[in-house]
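Below: the structure, in structure tokens.
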Amino acid sequence: MTRETLINSALALALLLVPLWAYSADEPFIITLATKVAILALAGVGLNIALGLGGLVSLGHAAFFGIGGYAMGILASHAQSYTAITDWPLLIEGTKSMPVIWLVAVVASGITALLIGALSLRTSGVYFIMITLAFGQMLYYFAISWAAYGGEDGLSIYVRNGFPGLNTLDPIQFFAITFVLLLAALLFAARLANSPFGLALNAARQSPQRVETIGLSPYRLRLVAFVISGMITGLAGALFADLNRFVSPTMFSWQTSGEIMVFIILGGTARLFGPVAGAALFIILEHILGGLSEFWHIYLGVLLLLVVLFAKGGVIGTLAGQDKAHD
Amino acid sequence: MTDPQTPVLETRNICKSFDALKASQDISLDLRAGEIHALIGPNGAGKSTLIAQIAGGLKPDSGTVHLNGRDVTALPTAKRAQLGLGRTFQVSALAMEDTVLQNAVLGALGAQGRPFRLFRSALADARLREVAEQALERVGLQDHARTRTSELSHGQRRQLEVAVALTLDPKAFVMDEPMAGLGASGSKALTGFLDSLREQAPILMVEHDMDAVFALADRISVLVYGQIIATGSVADIRANPEVRSAYLGEDA
């Protein structure tokens, strides 16, 4: 077992034990914080596939996070008001079922990622950053102006959506759902990184010329990675909306895109558990420093600078050392 | 399958200009089965431009490129690679953070043409691994399979480039200055290896190292200011007065 595997296991265990302790100590707020970490880490796992493995610096992943959120908001708001979403050409009704909402969130963000990616991936470098940012902002302003679903005020969902066999209103049970989904996404990301696809995508980041020369198209590899990445971040968006029982255009804002990227940079780019470490650190800082000052982001900024300047591998890189080449 | 008279790789009347600069002027060149064809010429003669048009990075303004008789002028680099064009670069283009074996497996993956498999480990795939390991053994890198590519010496990276090209089982090799940056012994070893490679697939190579060119080439073409001024055997080229004044110098 490598040092990084050990650190990863410790992190996963901590993320499980903290809420279990909070449950026994009757501290539901801590459970909610841990749930938030799991969900934001999931969004980061999504972005890390594009950013870490594919080298695609997307500053527009809030688009998928928001689409996941609105998938939940739209379906649940129709279900709670007993109105159909549309009755032509066929009747589509809202739902309060999490699995259905997740499916809609994942499919909708996947299709959006396909469209955004197909256009954006024709550019590279700073142009790619700008064009993904622009798509994110387009959706942000669209959500603000969409009066049918709350416009700028967003949508409130009064009762958390249901999962068969579980009481999702119980914080520890909702945490369990998010934790299992996070583990599943991490397992998927780990296998992806070692798969033929991961090998080719990773090579396309390092030397696109090489990948073309062996007969593969970097563009197609990146597009598939971007779609997978968007789908996972979209799923996280649906869970985040369910955590807050509230959706608003803020989920689409570029600050959200930036925060997801901050998790990855803090935790360690291209490291499997980078987003988990980063999201946990972010939430802990927000909780501790946020209590001291409204302007706690100043300290976050300083920390981010220090990481970028002195600890390029982020938290995981600092603890585990250089990424080991696979055998 | 193909008529033995058909060149494996051929350019027909290729022209390419960048504004006023005529980088390729009516270049017709062919590579026949079993041969090493060296392309020489002074710096700025348009060798890299020509190689890019053959490999697919650049489109000629006019003229065509043929691989095994098939017109590939409109095809992108990846398609030409699939059709059997194995290329190595002047400045190594490899996944430097990956291991030597991973780079070779990547080549095997390209040859197999099914990169969209997301779950199974690439290195656990017996078929990919076999092709990769065979290629590494051909170039003598089998003991470095687990080494990170960035830790290889310059010469070893060259060998790895050739190994990755070998995984594609190419119909023709295009090599851009394979000897560049190699010491005398490295260059000698690679010369010996390329000599044996020509039987597998013919090689079109750009090279400045005249010892290697004279030792290896069956034919030499001389490119000066975007034009082929001579094509012929080593003896022909050595004796050609035009070539001597343009490139080799009087005492070559």
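Residue numbering restarts at 1 in every chain; chains get A, B, ... in the order shown in the structure tokens, and ligands count up from 1 in that same order.
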Could you give me, as CSV, a per-residue list for chain B showing, wherever an atom lies at most 8 Å from an atom of chain A, the closest pair of atoms and their distance in Å to one decimal, using only C-alpha atoms and sorting by chain then residue number from low to high?
residue,atom,partner,partner_atom,distance
B:Thr77,CA,A:Glu212,CA,5.9
B:Ala78,CA,A:Gly215,CA,3.8
B:Lys79,CA,A:Gly215,CA,5.9
B:Arg80,CA,A:Gly215,CA,7.2
B:Ala81,CA,A:Gly215,CA,4.7
B:Gln82,CA,A:Gly215,CA,5.1
B:Gly86,CA,A:Thr213,CA,7.3
B:Arg87,CA,A:Thr213,CA,6.6
B:Ala93,CA,A:Arg210,CA,5.5
B:Leu94,CA,A:Arg210,CA,6.0
B:Ala95,CA,A:Ala203,CA,5.3
B:Met96,CA,A:Gln206,CA,7.1
B:Glu97,CA,A:Ala325,CA,7.2
B:Asp98,CA,A:Ala325,CA,6.1
B:Thr99,CA,A:Ala325,CA,6.2
B:Leu101,CA,A:Asp327,CA,7.8
B:Gln102,CA,A:Leu199,CA,7.5
B:Leu106,CA,A:Ala200,CA,6.4
B:Gly107,CA,A:Ile214,CA,5.6
B:Leu109,CA,A:Pro196,CA,7.1
B:Gly110,CA,A:Ile214,CA,5.0
B:Ala111,CA,A:Ile214,CA,6.8
B:Gly113,CA,A:Leu216,CA,7.4
B:Pro115,CA,A:Phe197,CA,5.1
B:Phe116,CA,A:Phe197,CA,5.2
B:Arg117,CA,A:Phe197,CA,5.6
B:Leu118,CA,A:Leu192,CA,5.2
B:Phe119,CA,A:Arg191,CA,5.5
B:Arg120,CA,A:Ser195,CA,5.3
B:Ser121,CA,A:Ser195,CA,4.4
B:Ala122,CA,A:Pro196,CA,4.6
B:Leu123,CA,A:Asn194,CA,7.7
B:Arg146,CA,A:Asp327,CA,5.4
B:Arg148,CA,A:Ala325,CA,6.4
B:Val164,CA,A:Ile214,CA,7.9
B:Ala165,CA,A:Ile214,CA,7.4
B:Leu168,CA,A:Ile214,CA,7.0
Filtering to N, CA and C atoms, could you give me those residues as an mmCIF file, in the first residue's frame?
data_model
loop_
_atom_site.group_PDB
_atom_site.id
_atom_site.type_symbol
_atom_site.label_atom_id
_atom_site.label_comp_id
_atom_site.auth_asym_id
_atom_site.auth_seq_id
_atom_site.Cartn_x
_atom_site.Cartn_y
_atom_site.Cartn_z
ATOM 1 N N THR B 77 -3.895 13.794 -39.231
ATOM 2 C CA THR B 77 -2.768 13.004 -38.739
ATOM 3 C C THR B 77 -3.201 11.651 -38.185
ATOM 4 N N ALA B 78 -4.257 11.663 -37.352
ATOM 5 C CA ALA B 78 -4.675 10.429 -36.687
ATOM 6 C C ALA B 78 -5.083 9.360 -37.704
ATOM 7 N N LYS B 79 -5.792 9.769 -38.768
ATOM 8 C CA LYS B 79 -6.231 8.824 -39.803
ATOM 9 C C LYS B 79 -5.033 8.242 -40.552
ATOM 10 N N ARG B 80 -4.063 9.098 -40.849
ATOM 11 C CA ARG B 80 -2.872 8.611 -41.563
ATOM 12 C C ARG B 80 -2.117 7.603 -40.697
ATOM 13 N N ALA B 81 -2.094 7.867 -39.392
ATOM 14 C CA ALA B 81 -1.434 6.926 -38.487
ATOM 15 C C ALA B 81 -2.160 5.589 -38.523
ATOM 16 N N GLN B 82 -3.488 5.635 -38.533
ATOM 17 C CA GLN B 82 -4.267 4.389 -38.580
ATOM 18 C C GLN B 82 -3.995 3.612 -39.856
ATOM 19 N N GLY B 86 4.012 5.521 -39.444
ATOM 20 C CA GLY B 86 4.636 5.599 -38.121
ATOM 21 C C GLY B 86 5.622 6.742 -38.096
ATOM 22 N N ARG B 87 5.471 7.626 -37.103
ATOM 23 C CA ARG B 87 6.293 8.826 -37.133
ATOM 24 C C ARG B 87 7.083 8.999 -35.845
ATOM 25 N N ALA B 93 8.218 13.573 -28.565
ATOM 26 C CA ALA B 93 6.849 13.833 -28.143
ATOM 27 C C ALA B 93 6.356 12.574 -27.443
ATOM 28 N N LEU B 94 6.537 12.540 -26.134
ATOM 29 C CA LEU B 94 6.123 11.379 -25.346
ATOM 30 C C LEU B 94 5.395 11.885 -24.112
ATOM 31 N N ALA B 95 4.635 10.997 -23.466
ATOM 32 C CA ALA B 95 3.998 11.366 -22.202
ATOM 33 C C ALA B 95 5.054 11.245 -21.111
ATOM 34 N N MET B 96 5.690 12.372 -20.786
ATOM 35 C CA MET B 96 6.882 12.360 -19.939
ATOM 36 C C MET B 96 6.613 11.906 -18.505
ATOM 37 N N GLU B 97 5.392 12.151 -18.003
ATOM 38 C CA GLU B 97 5.098 11.762 -16.615
ATOM 39 C C GLU B 97 4.792 10.268 -16.510
ATOM 40 N N ASP B 98 4.510 9.648 -17.654
ATOM 41 C CA ASP B 98 4.144 8.231 -17.648
ATOM 42 C C ASP B 98 5.395 7.357 -17.727
ATOM 43 N N THR B 99 5.197 6.073 -17.443
ATOM 44 C CA THR B 99 6.327 5.159 -17.554
ATOM 45 C C THR B 99 6.571 4.806 -19.020
ATOM 46 N N LEU B 101 6.625 1.821 -20.207
ATOM 47 C CA LEU B 101 5.632 0.828 -20.609
ATOM 48 C C LEU B 101 4.295 1.496 -20.965
ATOM 49 N N GLN B 102 3.891 2.488 -20.174
ATOM 50 C CA GLN B 102 2.627 3.174 -20.462
ATOM 51 C C GLN B 102 2.654 3.825 -21.840
ATOM 52 N N LEU B 106 0.242 2.812 -24.842
ATOM 53 C CA LEU B 106 -0.547 3.835 -25.544
ATOM 54 C C LEU B 106 -0.486 3.604 -27.049
ATOM 55 N N GLY B 107 0.705 3.302 -27.554
ATOM 56 C CA GLY B 107 0.843 3.017 -28.977
ATOM 57 C C GLY B 107 0.008 1.813 -29.378
ATOM 58 N N LEU B 109 -2.562 0.737 -27.939
ATOM 59 C CA LEU B 109 -3.966 1.136 -27.834
ATOM 60 C C LEU B 109 -4.411 1.865 -29.097
ATOM 61 N N GLY B 110 -3.530 2.732 -29.597
ATOM 62 C CA GLY B 110 -3.844 3.445 -30.828
ATOM 63 C C GLY B 110 -4.007 2.469 -31.982
ATOM 64 N N ALA B 111 -3.111 1.472 -32.037
ATOM 65 C CA ALA B 111 -3.172 0.485 -33.103
ATOM 66 C C ALA B 111 -4.459 -0.327 -33.016
ATOM 67 N N GLY B 113 -7.236 0.730 -31.703
ATOM 68 C CA GLY B 113 -8.304 1.634 -32.130
ATOM 69 C C GLY B 113 -9.545 1.631 -31.262
ATOM 70 N N PRO B 115 -10.134 3.172 -27.853
ATOM 71 C CA PRO B 115 -9.684 3.876 -26.644
ATOM 72 C C PRO B 115 -10.803 4.155 -25.644
ATOM 73 N N PHE B 116 -12.065 3.965 -26.028
ATOM 74 C CA PHE B 116 -13.142 4.390 -25.137
ATOM 75 C C PHE B 116 -13.608 3.278 -24.206
ATOM 76 N N ARG B 117 -12.646 2.619 -23.587
ATOM 77 C CA ARG B 117 -12.976 1.627 -22.566
ATOM 78 C C ARG B 117 -12.582 2.224 -21.229
ATOM 79 N N LEU B 118 -13.576 2.327 -20.327
ATOM 80 C CA LEU B 118 -13.394 3.170 -19.146
ATOM 81 C C LEU B 118 -13.078 2.395 -17.876
ATOM 82 N N PHE B 119 -13.239 1.085 -17.876
ATOM 83 C CA PHE B 119 -13.165 0.374 -16.601
ATOM 84 C C PHE B 119 -11.944 -0.502 -16.426
ATOM 85 N N ARG B 120 -11.642 -1.309 -17.429
ATOM 86 C CA ARG B 120 -10.537 -2.255 -17.225
ATOM 87 C C ARG B 120 -9.197 -1.549 -17.264
ATOM 88 N N SER B 121 -8.266 -2.055 -16.489
ATOM 89 C CA SER B 121 -6.942 -1.449 -16.463
ATOM 90 C C SER B 121 -6.231 -1.671 -17.789
ATOM 91 N N ALA B 122 -5.632 -0.604 -18.308
ATOM 92 C CA ALA B 122 -4.932 -0.704 -19.590
ATOM 93 C C ALA B 122 -3.716 -1.617 -19.471
ATOM 94 N N LEU B 123 -3.029 -1.509 -18.333
ATOM 95 C CA LEU B 123 -1.792 -2.285 -18.182
ATOM 96 C C LEU B 123 -2.075 -3.757 -17.886
ATOM 97 N N ARG B 146 9.475 0.131 -16.319
ATOM 98 C CA ARG B 146 8.830 0.831 -15.210
ATOM 99 C C ARG B 146 9.433 2.200 -14.924
ATOM 100 N N ARG B 148 10.108 6.116 -15.288
ATOM 101 C CA ARG B 148 9.353 7.271 -15.762
ATOM 102 C C ARG B 148 10.076 7.845 -16.978
ATOM 103 N N VAL B 164 7.307 3.065 -29.802
ATOM 104 C CA VAL B 164 5.885 3.421 -29.903
ATOM 105 C C VAL B 164 5.440 3.329 -31.363
ATOM 106 N N ALA B 165 6.291 3.810 -32.274
ATOM 107 C CA ALA B 165 5.956 3.695 -33.695
ATOM 108 C C ALA B 165 5.820 2.230 -34.094
ATOM 109 N N LEU B 168 2.530 0.258 -33.719
ATOM 110 C CA LEU B 168 1.487 0.493 -34.722
ATOM 111 C C LEU B 168 1.646 -0.437 -35.923
#
*Ile265 of chain A: which residues within 8 Å, counting only C-alpha atoms, same-chain residues fewer than 2 positions away excluded, as a ChimeraX atom specification?*
/A:261-263,267-269,274,278,304,307-308,313-314
Include C-alpha atoms and write out the residues we just selected as a PDB file, in the first residue's frame.
ATOM      1  CA  MET A 261     -11.606  24.565  -8.779  1.00  0.00           C
ATOM      2  CA  VAL A 262     -10.263  25.824  -5.431  1.00  0.00           C
ATOM      3  CA  PHE A 263     -11.133  22.456  -3.814  1.00  0.00           C
ATOM      4  CA  GLY A 267      -6.396  19.274  -2.216  1.00  0.00           C
ATOM      5  CA  GLY A 268      -4.079  18.389  -5.090  1.00  0.00           C
ATOM      6  CA  THR A 269      -4.698  18.512  -8.841  1.00  0.00           C
ATOM      7  CA  GLY A 274      -7.587  15.927  -3.909  1.00  0.00           C
ATOM      8  CA  GLY A 278      -9.819  20.357  -0.594  1.00  0.00           C
ATOM      9  CA  LEU A 304      -4.414  29.357  -1.855  1.00  0.00           C
ATOM     10  CA  VAL A 307      -0.354  26.263  -1.882  1.00  0.00           C
ATOM     11  CA  VAL A 308       0.162  27.433  -5.459  1.00  0.00           C
ATOM     12  CA  GLY A 313       0.584  18.990  -5.098  1.00  0.00           C
ATOM     13  CA  GLY A 314      -1.859  20.526  -2.606  1.00  0.00           C
TER      14      GLY A 314
END
*Write out as number ranges by chain which residues come within 12 Å of Leu58 of chain B when counting only C-alpha atoms, dropping same-chain ones fewer than 4 positions away.*
B: 14-18, 23-24, 48-54, 62, 65, 73-77
Store the residues of this selection in a file with C-alpha atoms, as a CSV table (one decimal), in the first residue's frame.
chain,number,residue,atom,x,y,z
B,14,ILE,CA,3.4,19.3,-53.5
B,15,CYS,CA,3.5,23.1,-53.2
B,16,LYS,CA,3.2,25.0,-50.0
B,17,SER,CA,3.8,28.8,-49.4
B,18,PHE,CA,3.8,30.9,-46.4
B,23,ALA,CA,8.6,26.3,-48.5
B,24,SER,CA,7.7,23.5,-50.9
B,48,SER,CA,10.1,20.1,-41.5
B,49,THR,CA,7.4,21.7,-43.7
B,50,LEU,CA,7.5,18.7,-46.0
B,51,ILE,CA,7.5,16.2,-43.2
B,52,ALA,CA,4.4,18.0,-41.7
B,53,GLN,CA,2.6,17.7,-45.0
B,54,ILE,CA,3.4,14.0,-45.3
B,62,SER,CA,-1.6,21.9,-54.2
B,65,VAL,CA,0.2,12.6,-50.7
B,73,THR,CA,-4.0,14.4,-48.7
B,74,ALA,CA,-7.4,15.3,-47.0
B,75,LEU,CA,-6.9,13.0,-44.0
B,76,PRO,CA,-5.8,14.3,-40.6
B,77,THR,CA,-2.8,13.0,-38.7
*asked:* I need the residue nearest Ile131 of chain A from this list: A:Thr5, A:Thr83, A:Asn161, A:Ser58. Use only C-alpha atoms for the distance.
replied: A:Ser58
*So which bits of segment 12-122 of chain A end up helix (DSSP H, G or I) when you DSSP the backbone, as number ranges by chain?*
A: 12-24, 28-53, 62-81, 98-120
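Considering the residues A:Ile67, A:Ala12, A:Leu285, A:Ala25 and counting only C-alpha atoms, Ala238 of chain A has its shortest atom-to-atom contact with A:Ile67.
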